[in-house]
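Undergrad: Quick one, upload_0.cif (mmCIF, C-alpha atoms and all ligand atoms):
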```
data_protein
#
loop_
_atom_site.label_atom_id
_atom_site.label_comp_id
_atom_site.auth_asym_id
_atom_site.auth_seq_id
_atom_site.Cartn_x
_atom_site.Cartn_y
_atom_site.Cartn_z
CA MET A 48 37.32 117.49 198.21
CA LYS A 49 40.76 116.16 197.28
CA LYS A 50 42.18 112.96 198.80
CA ILE A 51 44.69 114.07 201.44
CA LEU A 52 47.58 112.13 203.00
CA ILE A 53 49.35 113.55 206.06
CA ILE A 54 52.71 111.94 206.89
CA GLY A 55 54.18 112.64 210.34
CA ALA A 56 50.57 112.91 211.47
CA LYS A 57 51.34 112.39 215.16
CA GLY A 58 53.77 115.32 215.28
CA ASN A 59 53.17 118.94 216.12
CA LEU A 60 52.15 120.22 212.69
CA GLY A 61 50.69 116.89 211.50
CA THR A 62 48.23 116.88 214.40
CA ALA A 63 47.11 120.44 213.62
CA LEU A 64 46.69 119.58 209.93
CA ALA A 65 44.64 116.49 210.81
CA GLU A 66 42.30 118.77 212.79
CA VAL A 67 41.78 121.37 210.06
CA TYR A 68 41.18 118.62 207.49
CA VAL A 69 38.91 116.50 209.71
CA ASP A 70 35.93 116.80 207.31
CA ALA A 71 38.07 115.57 204.41
CA ASN A 72 38.81 112.34 206.27
CA PRO A 73 42.54 112.43 205.46
CA LEU A 74 44.85 109.44 205.64
CA LEU A 75 46.97 109.90 208.78
CA TRP A 76 50.31 108.11 208.65
CA ASP A 77 53.22 108.25 211.04
CA LYS A 78 56.21 105.98 211.69
CA ASP A 79 53.98 102.92 212.32
CA GLU A 80 52.40 103.24 208.88
CA ILE A 81 55.34 104.40 206.74
CA ASP A 82 59.07 104.98 206.97
CA ILE A 83 59.80 107.74 204.47
CA THR A 84 63.46 106.66 204.27
CA ASP A 85 62.43 103.27 202.82
CA GLU A 86 61.91 103.96 199.11
CA ASP A 87 60.29 100.61 198.26
CA GLN A 88 57.76 101.04 201.05
CA VAL A 89 57.06 104.62 200.03
CA ILE A 90 56.41 103.60 196.42
CA GLU A 91 54.21 100.65 197.39
CA LYS A 92 52.08 102.42 200.01
CA ILE A 93 51.59 105.73 198.23
CA SER A 94 50.85 104.07 194.88
CA ALA A 95 48.17 102.00 196.59
CA ALA A 96 46.66 104.98 198.43
CA GLN A 97 46.63 107.34 195.40
CA PRO A 98 46.45 110.63 197.36
CA GLU A 99 46.05 113.93 195.50
CA ILE A 100 47.84 116.05 198.12
CA VAL A 101 50.64 114.70 200.34
CA TYR A 102 51.73 116.76 203.35
CA ASN A 103 55.14 115.65 204.55
CA CYS A 104 55.38 116.66 208.21
CA ALA A 105 57.81 113.82 209.05
CA ALA A 106 61.19 115.13 210.16
CA TYR A 107 64.28 114.74 212.29
CA ASN A 108 64.28 117.90 214.41
CA ALA A 109 67.03 117.28 217.02
CA VAL A 110 69.29 120.19 216.04
CA ASP A 111 72.22 119.44 218.38
CA LYS A 112 72.03 115.64 218.08
CA ALA A 113 72.21 115.99 214.29
CA GLU A 114 75.84 117.07 214.64
CA GLU A 115 76.60 113.46 215.64
CA GLU A 116 73.87 111.81 213.61
CA GLY A 117 74.19 113.71 210.36
CA GLY A 118 73.59 110.55 208.35
CA VAL A 119 70.25 109.89 210.04
CA ALA A 120 69.20 113.54 209.70
CA ASP A 121 70.08 113.46 205.97
CA MET A 122 68.02 110.28 205.49
CA VAL A 123 64.87 111.62 207.21
CA ASN A 124 65.09 115.31 206.22
CA GLY A 125 66.84 114.89 202.87
CA TYR A 126 66.52 111.59 201.03
CA GLY A 127 63.12 110.67 202.59
CA PRO A 128 61.50 113.77 201.06
CA GLY A 129 63.24 112.81 197.80
CA ASN A 130 61.46 109.43 197.90
CA LEU A 131 58.15 111.20 198.43
CA ALA A 132 58.88 113.69 195.66
CA ARG A 133 59.51 110.98 193.05
CA ILE A 134 56.36 109.00 193.81
CA CYS A 135 54.20 112.15 194.03
CA ASP A 136 55.51 113.17 190.62
CA LYS A 137 54.73 109.74 189.21
CA ILE A 138 51.11 109.64 190.43
CA GLY A 139 50.49 113.36 189.80
CA ALA A 140 50.05 114.28 193.47
CA ILE A 141 50.93 117.65 194.99
CA LEU A 142 53.69 117.44 197.62
CA VAL A 143 53.70 119.96 200.45
CA HIS A 144 57.04 119.82 202.25
CA PHE A 145 58.38 121.83 205.20
CA SER A 146 61.69 123.45 205.88
CA SER A 147 63.20 126.01 208.18
CA GLY A 148 65.16 129.27 208.49
CA TYR A 149 68.10 127.05 209.51
CA VAL A 150 68.90 126.62 205.80
CA PHE A 151 70.27 130.19 205.95
CA ASP A 152 73.41 131.37 207.76
CA GLY A 153 71.45 134.03 209.65
CA GLN A 154 73.78 136.95 209.00
CA LYS A 155 71.10 139.13 207.34
CA SER A 156 69.37 141.14 210.06
CA GLU A 157 66.65 142.15 207.59
CA GLY A 158 65.74 138.46 207.10
CA TYR A 159 65.58 136.20 204.08
CA ASN A 160 63.26 136.24 201.08
CA GLU A 161 62.01 133.01 199.50
CA GLU A 162 64.58 132.99 196.70
CA ASP A 163 67.61 134.10 198.76
CA LYS A 164 70.72 131.97 198.64
CA THR A 165 70.85 129.28 201.30
CA ASN A 166 73.98 128.57 203.35
CA PRO A 167 73.34 126.17 206.25
CA ILE A 168 75.74 126.32 209.20
CA SER A 169 74.74 123.08 210.98
CA ALA A 170 74.20 119.43 210.13
CA TYR A 171 70.48 119.92 210.74
CA GLY A 172 70.38 122.92 208.40
CA HIS A 173 72.31 120.93 205.82
CA SER A 174 69.81 118.04 206.04
CA LYS A 175 66.84 120.39 205.64
CA ARG A 176 68.47 122.01 202.61
CA LEU A 177 69.08 118.58 201.12
CA GLY A 178 65.34 117.88 201.43
CA GLU A 179 64.51 121.19 199.76
CA VAL A 180 66.71 120.37 196.77
CA GLU A 181 65.33 116.83 196.48
CA VAL A 182 61.75 118.13 196.47
CA GLN A 183 62.54 120.95 194.02
CA GLN A 184 64.32 118.57 191.65
CA HIS A 185 61.94 115.63 191.70
CA ALA A 186 58.38 116.93 192.31
CA GLU A 187 57.02 119.23 189.65
CA LYS A 188 53.92 120.02 191.71
CA HIS A 189 55.36 121.06 195.05
CA TYR A 190 54.95 123.65 197.75
CA LEU A 191 58.11 124.11 199.79
CA VAL A 192 57.02 125.87 202.96
CA ARG A 193 59.67 127.26 205.30
CA THR A 194 58.45 128.02 208.80
CA SER A 195 59.83 128.84 212.26
CA MET A 196 59.54 128.15 216.02
CA LEU A 197 56.42 125.97 215.87
CA TYR A 198 54.23 125.44 218.91
CA GLY A 199 50.89 123.89 219.73
CA PRO A 200 49.38 121.37 222.14
CA PRO A 201 51.94 118.75 223.26
CA THR A 202 52.15 115.69 220.99
CA GLN A 203 53.63 112.31 221.89
CA GLY A 204 54.72 113.66 225.28
CA LYS A 205 57.20 116.08 223.66
CA LYS A 206 57.45 119.45 225.40
CA SER A 207 57.40 122.65 223.38
CA PHE A 208 59.43 125.73 224.33
CA ILE A 209 56.27 127.09 225.95
CA ASP A 210 55.80 123.99 228.15
CA ILE A 211 59.47 124.09 229.17
CA MET A 212 59.25 127.77 230.16
CA LEU A 213 56.04 127.29 232.15
CA ASP A 214 57.42 124.20 233.92
CA MET A 215 60.59 126.08 234.88
CA ALA A 216 58.52 128.97 236.23
CA LYS A 217 56.39 126.54 238.26
CA GLU A 218 59.54 124.99 239.71
CA LYS A 219 60.77 128.51 240.51
CA LYS A 220 63.97 127.95 238.52
CA MET A 221 66.10 130.78 237.19
CA ILE A 222 65.23 131.18 233.52
CA ASN A 223 68.12 132.09 231.24
CA ALA A 224 66.81 132.92 227.80
CA VAL A 225 68.87 133.67 224.70
CA ASP A 226 68.38 137.24 223.46
CA ASP A 227 70.52 137.23 220.31
CA GLU A 228 68.87 134.57 218.15
CA PHE A 229 65.70 135.57 216.37
CA GLY A 230 62.86 133.69 214.75
CA GLN A 231 59.10 133.82 214.38
CA PRO A 232 57.01 131.90 216.95
CA THR A 233 54.27 130.24 214.89
CA TYR A 234 51.07 128.62 216.11
CA VAL A 235 50.55 125.33 214.26
CA LYS A 236 46.80 126.00 214.04
CA ASP A 237 47.44 129.23 212.10
CA LEU A 238 49.96 127.50 209.83
CA ALA A 239 47.61 124.58 209.17
CA GLN A 240 44.76 126.94 208.21
CA ALA A 241 47.12 128.87 205.92
CA LEU A 242 48.14 125.61 204.22
CA VAL A 243 44.50 124.74 203.46
CA PHE A 244 44.17 128.19 201.87
CA LEU A 245 47.44 127.77 199.93
CA THR A 246 46.35 124.49 198.37
CA GLU A 247 42.62 125.18 197.95
CA GLU A 248 43.32 128.51 196.24
CA GLU A 249 45.78 126.67 194.00
CA LYS A 250 48.52 129.25 194.52
CA PRO A 251 51.51 128.84 192.18
CA PHE A 252 53.84 126.00 193.12
CA GLY A 253 57.21 126.89 194.64
CA THR A 254 58.74 128.20 197.84
CA TYR A 255 56.78 130.05 200.55
CA HIS A 256 57.68 131.55 203.91
CA ILE A 257 54.71 131.06 206.25
CA THR A 258 54.94 132.11 209.90
CA ASN A 259 53.01 134.31 212.29
CA SER A 260 54.12 137.88 211.61
CA GLY A 261 56.72 139.80 213.59
CA MET A 262 59.91 138.41 215.09
CA ALA A 263 61.24 137.51 218.52
CA SER A 264 64.31 136.28 220.34
CA TRP A 265 63.91 133.32 222.69
CA TYR A 266 63.99 135.89 225.50
CA ASP A 267 61.20 137.98 223.89
CA TRP A 268 59.13 134.86 223.42
CA ALA A 269 59.60 133.69 227.02
CA ARG A 270 58.80 137.16 228.38
CA GLU A 271 55.57 137.30 226.36
CA ILE A 272 54.52 133.82 227.58
CA PHE A 273 54.91 134.96 231.20
CA ALA A 274 53.18 138.29 230.53
CA VAL A 275 50.12 136.54 229.08
CA LYS A 276 50.07 134.11 232.01
CA GLY A 277 50.54 136.99 234.48
CA ILE A 278 53.54 135.39 236.20
CA LYS A 279 56.88 136.93 237.04
CA PRO A 280 59.62 134.30 237.28
CA ASN A 281 63.30 135.15 237.73
CA MET A 282 64.60 135.73 234.23
CA ALA A 283 67.92 136.70 232.71
CA GLN A 284 68.94 137.57 229.17
CA ILE A 285 71.91 135.56 227.96
CA HIS A 286 73.96 135.55 224.76
CA SER A 287 74.16 132.43 222.64
CA GLU A 288 77.98 132.42 222.51
CA GLY A 289 78.18 131.42 226.19
CA LEU A 290 76.10 128.29 225.64
CA LYS A 291 77.63 124.86 225.21
CA ARG A 292 75.57 123.59 222.30
CA ALA A 293 76.80 121.22 219.64
CA ALA A 294 75.16 123.01 216.69
CA ARG A 295 75.50 126.59 215.54
CA ARG A 296 72.23 128.44 214.95
CA PRO A 297 71.48 131.34 212.58
CA LYS A 298 71.35 134.66 214.44
CA TYR A 299 68.55 135.95 212.23
CA GLY A 300 66.54 132.97 211.01
CA ILE A 301 63.90 135.42 209.86
CA LEU A 302 61.71 134.37 206.94
CA ASN A 303 60.34 137.30 204.97
CA ASN A 304 57.00 136.51 203.36
CA THR A 305 56.87 138.30 200.01
CA ARG A 306 54.29 136.18 198.17
CA PHE A 307 51.52 134.95 200.49
CA ILE A 308 48.87 136.35 202.85
CA GLU A 309 50.23 137.73 206.09
CA LEU A 310 49.32 135.74 209.20
CA ARG A 311 48.36 137.52 212.43
CA PRO A 312 51.11 138.79 214.76
CA TRP A 313 52.82 136.11 216.84
CA THR A 314 51.81 137.86 220.09
CA GLU A 315 48.10 137.61 219.16
CA ALA A 316 48.33 133.93 218.23
CA LEU A 317 50.26 133.16 221.42
CA LYS A 318 47.63 134.92 223.53
CA GLU A 319 44.86 132.84 221.97
CA TYR A 320 46.82 129.63 222.48
CA LEU A 321 47.60 130.36 226.12
CA THR A 322 44.17 131.64 227.13
CA LYS A 323 41.80 129.41 225.15
N1 LIG B 401 59.28 122.41 215.29
C1 LIG B 401 59.76 123.57 214.82
O1 LIG B 401 59.98 124.54 215.56
C2 LIG B 401 60.02 123.70 213.33
C3 LIG B 401 60.58 124.91 212.86
C4 LIG B 401 60.80 125.05 211.48
C5 LIG B 401 60.45 124.02 210.61
N2 LIG B 401 59.92 122.86 211.11
C6 LIG B 401 59.57 121.81 210.17
O2 LIG B 401 58.16 121.61 210.18
C7 LIG B 401 57.85 120.22 209.91
C8 LIG B 401 56.95 119.68 211.01
O3 LIG B 401 57.66 119.74 212.26
P1 LIG B 401 57.03 119.21 213.62
O4 LIG B 401 57.55 120.10 214.70
O5 LIG B 401 55.56 119.03 213.46
O6 LIG B 401 57.76 117.80 213.75
P2 LIG B 401 57.53 116.66 214.87
O7 LIG B 401 56.56 117.13 215.91
O8 LIG B 401 58.89 116.21 215.31
O9 LIG B 401 56.82 115.50 214.05
C9 LIG B 401 57.50 114.72 213.11
C10 LIG B 401 56.82 113.38 213.04
O10 LIG B 401 57.47 112.60 212.00
C11 LIG B 401 57.74 111.29 212.52
N3 LIG B 401 58.86 110.70 211.79
C12 LIG B 401 60.18 110.79 212.06
N4 LIG B 401 60.90 110.07 211.20
C13 LIG B 401 60.01 109.48 210.34
C14 LIG B 401 60.15 108.60 209.24
N5 LIG B 401 61.35 108.16 208.83
N6 LIG B 401 59.03 108.21 208.57
C15 LIG B 401 57.81 108.64 208.99
N7 LIG B 401 57.61 109.46 210.04
C16 LIG B 401 58.71 109.88 210.72
C17 LIG B 401 58.07 111.57 213.98
O11 LIG B 401 58.04 110.40 214.76
P3 LIG B 401 59.01 110.33 216.06
O12 LIG B 401 58.66 111.50 216.92
O13 LIG B 401 58.66 109.01 216.67
O14 LIG B 401 60.41 110.41 215.53
C18 LIG B 401 56.97 112.57 214.34
O15 LIG B 401 55.75 111.94 214.66
C19 LIG B 401 59.21 119.53 209.81
O16 LIG B 401 59.62 119.46 208.46
C20 LIG B 401 60.16 120.45 210.55
O17 LIG B 401 61.50 120.32 210.16
C21 LIG B 401 59.68 122.69 212.43
#
```
I need this file expressed as structure tokens, please.
TA:
Amino acid sequence: MKKILIIGAKGNLGTALAEVYVDANPLLWDKDEIDITDEDQVIEKISAAQPEIVYNCAAYNAVDKAEEEGGVADMVNGYGPGNLARICDKIGAILVHFSSGYVFDGQKSEGYNEEDKTNPISAYGHSKRLGEVEVQQHAEKHYLVRTSMLYGPPTQGKKSFIDIMLDMAKEKKMINAVDDEFGQPTYVKDLAQALVFLTEEEKPFGTYHITNSGMASWYDWAREIFAVKGIKPNMAQIHSEGLKRAARRPKYGILNNTRFIELRPWTEALKEYLTK
């Protein structure tokens, strides 16, 4: 089995990857072990470790805060991946990097194919696109995997959308959920298993869209969570334009998968997650 390094290993996806790779005894690094924005450190540590596959799950994911902290977002989501790309290229390692539907403007209701033109409409989207370009330019052997609406067991005390919805229902709060922004709720366990398949099968390098299949608005997703749990909180559908959020979001951040196996429907994955 190949020598695996998972960066951002304490995060949502990193934790799921660590579980699917447990028998391979991967190196698990997070902020305490490496700062991907520090190029000297990246070169030194990765040269010493000599991994064959590097999964970069480290990211700055605060979409609204990025409007004020665009420089930080660019460092972590853009130039950090560039540092990883250059060292992976030098030691011959494969780099698996992650991005998001937020690199698109979201005007295409039919969704976006892997090679469609990007056009980010937020500082976060801009930083993720910067990372894509850095990885594409500097790492010959790369998989650029765009994904959407990730969820899984809570990591580092951070609440997922699912936890927030269930907590609000428990507190009997009115739940206002956006019904005009669409994505693809994706179970990190399904994504992690798909990534093992992608790399073990040695699929061609390049860009992939990997999510659970189907699409949902935040309202659809919330409604399904409550249906599976058999609870009926007070819910209302709201439009995104009424919200006071710093960042704009794509209306249709839908990632069409035209070149990889189809994952199970998001409703099926959600049911397993919530009832296991
Ligand atoms: N979550 C989603 O819905 C979603 C949707 C589409 C795409 N993605 C992409 O999928 C990937 C994985 O996301 P995720 O949800 O698993 O992220 P996550 O849970 O936020 O995990 C990211 C991890 O990286 C660490 N980190 C941050 N800055 C770092 C640095 N400079 N050096 C090393 N580690 C650093 C974080 O530490 P701290 O927490 O201490 O900062 C955290 O442990 C990311 O590329 C993300 O953009 C996520």
Undergrad: Neighbouring residues of ligand LIG 401 (chain B) are defined here as those with any atom at most 8 Å from a ligand atom, counting all atoms listed in the file; list them as a VMD selection string.
TA: chain A and resid 54 to 62 76 to 85 103 to 108 122 to 124 127 144 to 149 175 193 to 198 202 to 203 205
Undergrad: Based on the selection just made, write C-alpha atoms of those residues as a tab-separated table (two decimals), in the coordinates of the input.
TA:
```tsv
chain	number	residue	atom	x	y	z
A	54	ILE	CA	52.71	111.94	206.89
A	55	GLY	CA	54.18	112.64	210.34
A	56	ALA	CA	50.57	112.91	211.47
A	57	LYS	CA	51.34	112.39	215.16
A	58	GLY	CA	53.77	115.32	215.28
A	59	ASN	CA	53.17	118.94	216.12
A	60	LEU	CA	52.15	120.22	212.69
A	61	GLY	CA	50.69	116.89	211.50
A	62	THR	CA	48.23	116.88	214.40
A	76	TRP	CA	50.31	108.11	208.65
A	77	ASP	CA	53.22	108.25	211.04
A	78	LYS	CA	56.21	105.98	211.69
A	79	ASP	CA	53.98	102.92	212.32
A	80	GLU	CA	52.40	103.24	208.88
A	81	ILE	CA	55.34	104.40	206.74
A	82	ASP	CA	59.07	104.98	206.97
A	83	ILE	CA	59.80	107.74	204.47
A	84	THR	CA	63.46	106.66	204.27
A	85	ASP	CA	62.43	103.27	202.82
A	103	ASN	CA	55.14	115.65	204.55
A	104	CYS	CA	55.38	116.66	208.21
A	105	ALA	CA	57.81	113.82	209.05
A	106	ALA	CA	61.19	115.13	210.16
A	107	TYR	CA	64.28	114.74	212.29
A	108	ASN	CA	64.28	117.90	214.41
A	122	MET	CA	68.02	110.28	205.49
A	123	VAL	CA	64.87	111.62	207.21
A	124	ASN	CA	65.09	115.31	206.22
A	127	GLY	CA	63.12	110.67	202.59
A	144	HIS	CA	57.04	119.82	202.25
A	145	PHE	CA	58.38	121.83	205.20
A	146	SER	CA	61.69	123.45	205.88
A	147	SER	CA	63.20	126.01	208.18
A	148	GLY	CA	65.16	129.27	208.49
A	149	TYR	CA	68.10	127.05	209.51
A	175	LYS	CA	66.84	120.39	205.64
A	193	ARG	CA	59.67	127.26	205.30
A	194	THR	CA	58.45	128.02	208.80
A	195	SER	CA	59.83	128.84	212.26
A	196	MET	CA	59.54	128.15	216.02
A	197	LEU	CA	56.42	125.97	215.87
A	198	TYR	CA	54.23	125.44	218.91
A	202	THR	CA	52.15	115.69	220.99
A	203	GLN	CA	53.63	112.31	221.89
A	205	LYS	CA	57.20	116.08	223.66
```
Undergrad: Quick check, in Å to one decimal: how far apart do CA of His256 (chain A) and CA of Pro167 (chain A) lie?
TA: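 Pair CA of His256 (chain A) / CA of Pro167 (chain A) returns 16.7 Å.
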Undergrad: Rank nothing, just name the residue among A:Leu290, A:Val143, A:Ala274, A:Ala186 nearest to Ala239 (chain A), using all atoms listed in the file.
TA: A:Val143
Undergrad: Which neighbours of Glu181 (chain A) fall inside 10 Å, counting all atoms listed in the file, when residues of the same chain fewer than 3 positions from it are skipped, and could you give them as a ChimeraX atom specification?
TA: /A:124-133,175-178,184-186
Undergrad: Measuring between only C-alpha atoms, which one of A:Leu310, A:Val150, A:Ser260, A:Asp111 shows the shortest distance to Leu242 (chain A)?
TA: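 Looking at the shortest contact to Leu242 (chain A), the residue is A:Leu310.
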Undergrad: Would you list the residues near (71.7, 127.8, 217.7) (no more than 12 Å away, in the coordinates of the file, using only C-alpha atoms) as a count of residues only?
TA: 37
Undergrad: Find the residue from A:Phe208, A:Trp268, A:Gly253, A:Ile285 that sits nearest to Ala224 (chain A); use all atoms listed in the file when measuring.
TA: A:Ile285
Undergrad: Measuring atom to atom with only C-alpha atoms, identify which of A:Ile301, A:Ile93, A:Ala316, A:Val275 is nearest to Gln154 (chain A).
TA: A:Ile301
Undergrad: Of the candidates A:Ile308, A:Ala140, A:Ile272, A:Leu64, which one gets nearest to Asp214 (chain A) if we count all atoms listed in the file?
TA: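 The shortest atom-to-atom distance to Asp214 (chain A) comes from A:Ile272.
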Undergrad: Just how far from CA of Ala63 (chain A) is CA of Met212 (chain A), in Å to one decimal?
TA: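 Going from CA of Met212 (chain A) over to CA of Ala63 (chain A) covers 21.8 Å.
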Undergrad: Calculate how many Å separate CA of Arg306 (chain A) from CA of Val192 (chain A), rounding to one decimal.
TA: 11.7 Å
Undergrad: Determine the nearest neighbour of Pro251 (chain A) from the options A:Ile141, A:Ile90, A:Ala269, A:Val180, counting all atoms listed in the file.
TA: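 Looking at the shortest contact to Pro251 (chain A), the residue is A:Ile141.
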Undergrad: For Ala216 (chain A), list every protein, DNA or RNA residue within 9 Å, evaluated using all atoms listed in the file, and leave out those in the same chain fewer than 5 positions away; present the list as an NGL selection string.
TA: :A and (211 or 221-222 or 273 or 278-281)
Undergrad: Complete the atom set of region 271-298 of chain A to N, CA and C atoms and return it as an mmCIF file, in the coordinates of the input.
TA:
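After the write, out.cif holds the following:
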```cif
data_model
loop_
_atom_site.group_PDB
_atom_site.id
_atom_site.type_symbol
_atom_site.label_atom_id
_atom_site.label_comp_id
_atom_site.auth_asym_id
_atom_site.auth_seq_id
_atom_site.Cartn_x
_atom_site.Cartn_y
_atom_site.Cartn_z
ATOM 1 N N GLU A 271 56.976 137.144 226.776
ATOM 2 C CA GLU A 271 55.570 137.300 226.360
ATOM 3 C C GLU A 271 54.703 136.165 226.949
ATOM 4 N N ILE A 272 55.258 134.963 226.995
ATOM 5 C CA ILE A 272 54.520 133.820 227.580
ATOM 6 C C ILE A 272 54.165 134.160 229.038
ATOM 7 N N PHE A 273 55.146 134.661 229.780
ATOM 8 C CA PHE A 273 54.910 134.960 231.200
ATOM 9 C C PHE A 273 53.968 136.155 231.354
ATOM 10 N N ALA A 274 54.062 137.118 230.443
ATOM 11 C CA ALA A 274 53.180 138.290 230.530
ATOM 12 C C ALA A 274 51.727 137.844 230.330
ATOM 13 N N VAL A 275 51.494 136.997 229.331
ATOM 14 C CA VAL A 275 50.120 136.540 229.080
ATOM 15 C C VAL A 275 49.605 135.748 230.283
ATOM 16 N N LYS A 276 50.462 134.944 230.866
ATOM 17 C CA LYS A 276 50.070 134.110 232.010
ATOM 18 C C LYS A 276 50.036 134.914 233.326
ATOM 19 N N GLY A 277 50.544 136.146 233.293
ATOM 20 C CA GLY A 277 50.540 136.990 234.480
ATOM 21 C C GLY A 277 51.457 136.472 235.580
ATOM 22 N N ILE A 278 52.573 135.857 235.187
ATOM 23 C CA ILE A 278 53.540 135.390 236.200
ATOM 24 C C ILE A 278 54.889 136.077 235.997
ATOM 25 N N LYS A 279 55.614 136.182 237.102
ATOM 26 C CA LYS A 279 56.880 136.930 237.040
ATOM 27 C C LYS A 279 58.022 136.080 237.587
ATOM 28 N N PRO A 280 58.506 135.123 236.793
ATOM 29 C CA PRO A 280 59.620 134.300 237.280
ATOM 30 C C PRO A 280 60.934 135.086 237.211
ATOM 31 N N ASN A 281 61.970 134.536 237.840
ATOM 32 C CA ASN A 281 63.300 135.150 237.730
ATOM 33 C C ASN A 281 63.838 134.847 236.350
ATOM 34 N N MET A 282 64.135 135.917 235.618
ATOM 35 C CA MET A 282 64.600 135.730 234.230
ATOM 36 C C MET A 282 65.877 136.513 233.987
ATOM 37 N N ALA A 283 66.732 135.953 233.129
ATOM 38 C CA ALA A 283 67.920 136.700 232.710
ATOM 39 C C ALA A 283 68.104 136.546 231.208
ATOM 40 N N GLN A 284 68.605 137.622 230.601
ATOM 41 C CA GLN A 284 68.940 137.570 229.170
ATOM 42 C C GLN A 284 70.349 137.041 229.032
ATOM 43 N N ILE A 285 70.542 136.048 228.173
ATOM 44 C CA ILE A 285 71.910 135.560 227.960
ATOM 45 C C ILE A 285 72.230 135.578 226.466
ATOM 46 N N HIS A 286 73.524 135.588 226.158
ATOM 47 C CA HIS A 286 73.960 135.550 224.760
ATOM 48 C C HIS A 286 74.259 134.112 224.363
ATOM 49 N N SER A 287 74.013 133.812 223.121
ATOM 50 C CA SER A 287 74.160 132.430 222.640
ATOM 51 C C SER A 287 75.611 131.952 222.711
ATOM 52 N N GLU A 288 76.570 132.877 222.586
ATOM 53 C CA GLU A 288 77.980 132.420 222.510
ATOM 54 C C GLU A 288 78.447 131.733 223.794
ATOM 55 N N GLY A 289 77.786 132.034 224.926
ATOM 56 C CA GLY A 289 78.180 131.420 226.190
ATOM 57 C C GLY A 289 77.640 130.011 226.371
ATOM 58 N N LEU A 290 76.752 129.591 225.469
ATOM 59 C CA LEU A 290 76.100 128.290 225.640
ATOM 60 C C LEU A 290 76.938 127.164 225.053
ATOM 61 N N LYS A 291 76.895 126.010 225.744
ATOM 62 C CA LYS A 291 77.630 124.860 225.210
ATOM 63 C C LYS A 291 76.657 124.008 224.411
ATOM 64 N N ARG A 292 76.473 124.364 223.172
ATOM 65 C CA ARG A 292 75.570 123.590 222.300
ATOM 66 C C ARG A 292 76.388 123.042 221.150
ATOM 67 N N ALA A 293 76.021 121.859 220.707
ATOM 68 C CA ALA A 293 76.800 121.220 219.640
ATOM 69 C C ALA A 293 76.644 121.968 218.309
ATOM 70 N N ALA A 294 75.433 122.411 218.022
ATOM 71 C CA ALA A 294 75.160 123.010 216.690
ATOM 72 C C ALA A 294 75.155 124.530 216.751
ATOM 73 N N ARG A 295 75.641 125.137 215.702
ATOM 74 C CA ARG A 295 75.500 126.590 215.540
ATOM 75 C C ARG A 295 74.084 126.874 215.030
ATOM 76 N N ARG A 296 73.554 128.014 215.425
ATOM 77 C CA ARG A 296 72.230 128.440 214.950
ATOM 78 C C ARG A 296 72.342 129.774 214.235
ATOM 79 N N PRO A 297 71.467 130.026 213.234
ATOM 80 C CA PRO A 297 71.480 131.340 212.580
ATOM 81 C C PRO A 297 71.063 132.422 213.576
ATOM 82 N N LYS A 298 71.744 133.547 213.549
ATOM 83 C CA LYS A 298 71.350 134.660 214.440
ATOM 84 C C LYS A 298 69.985 135.207 214.018
#
```
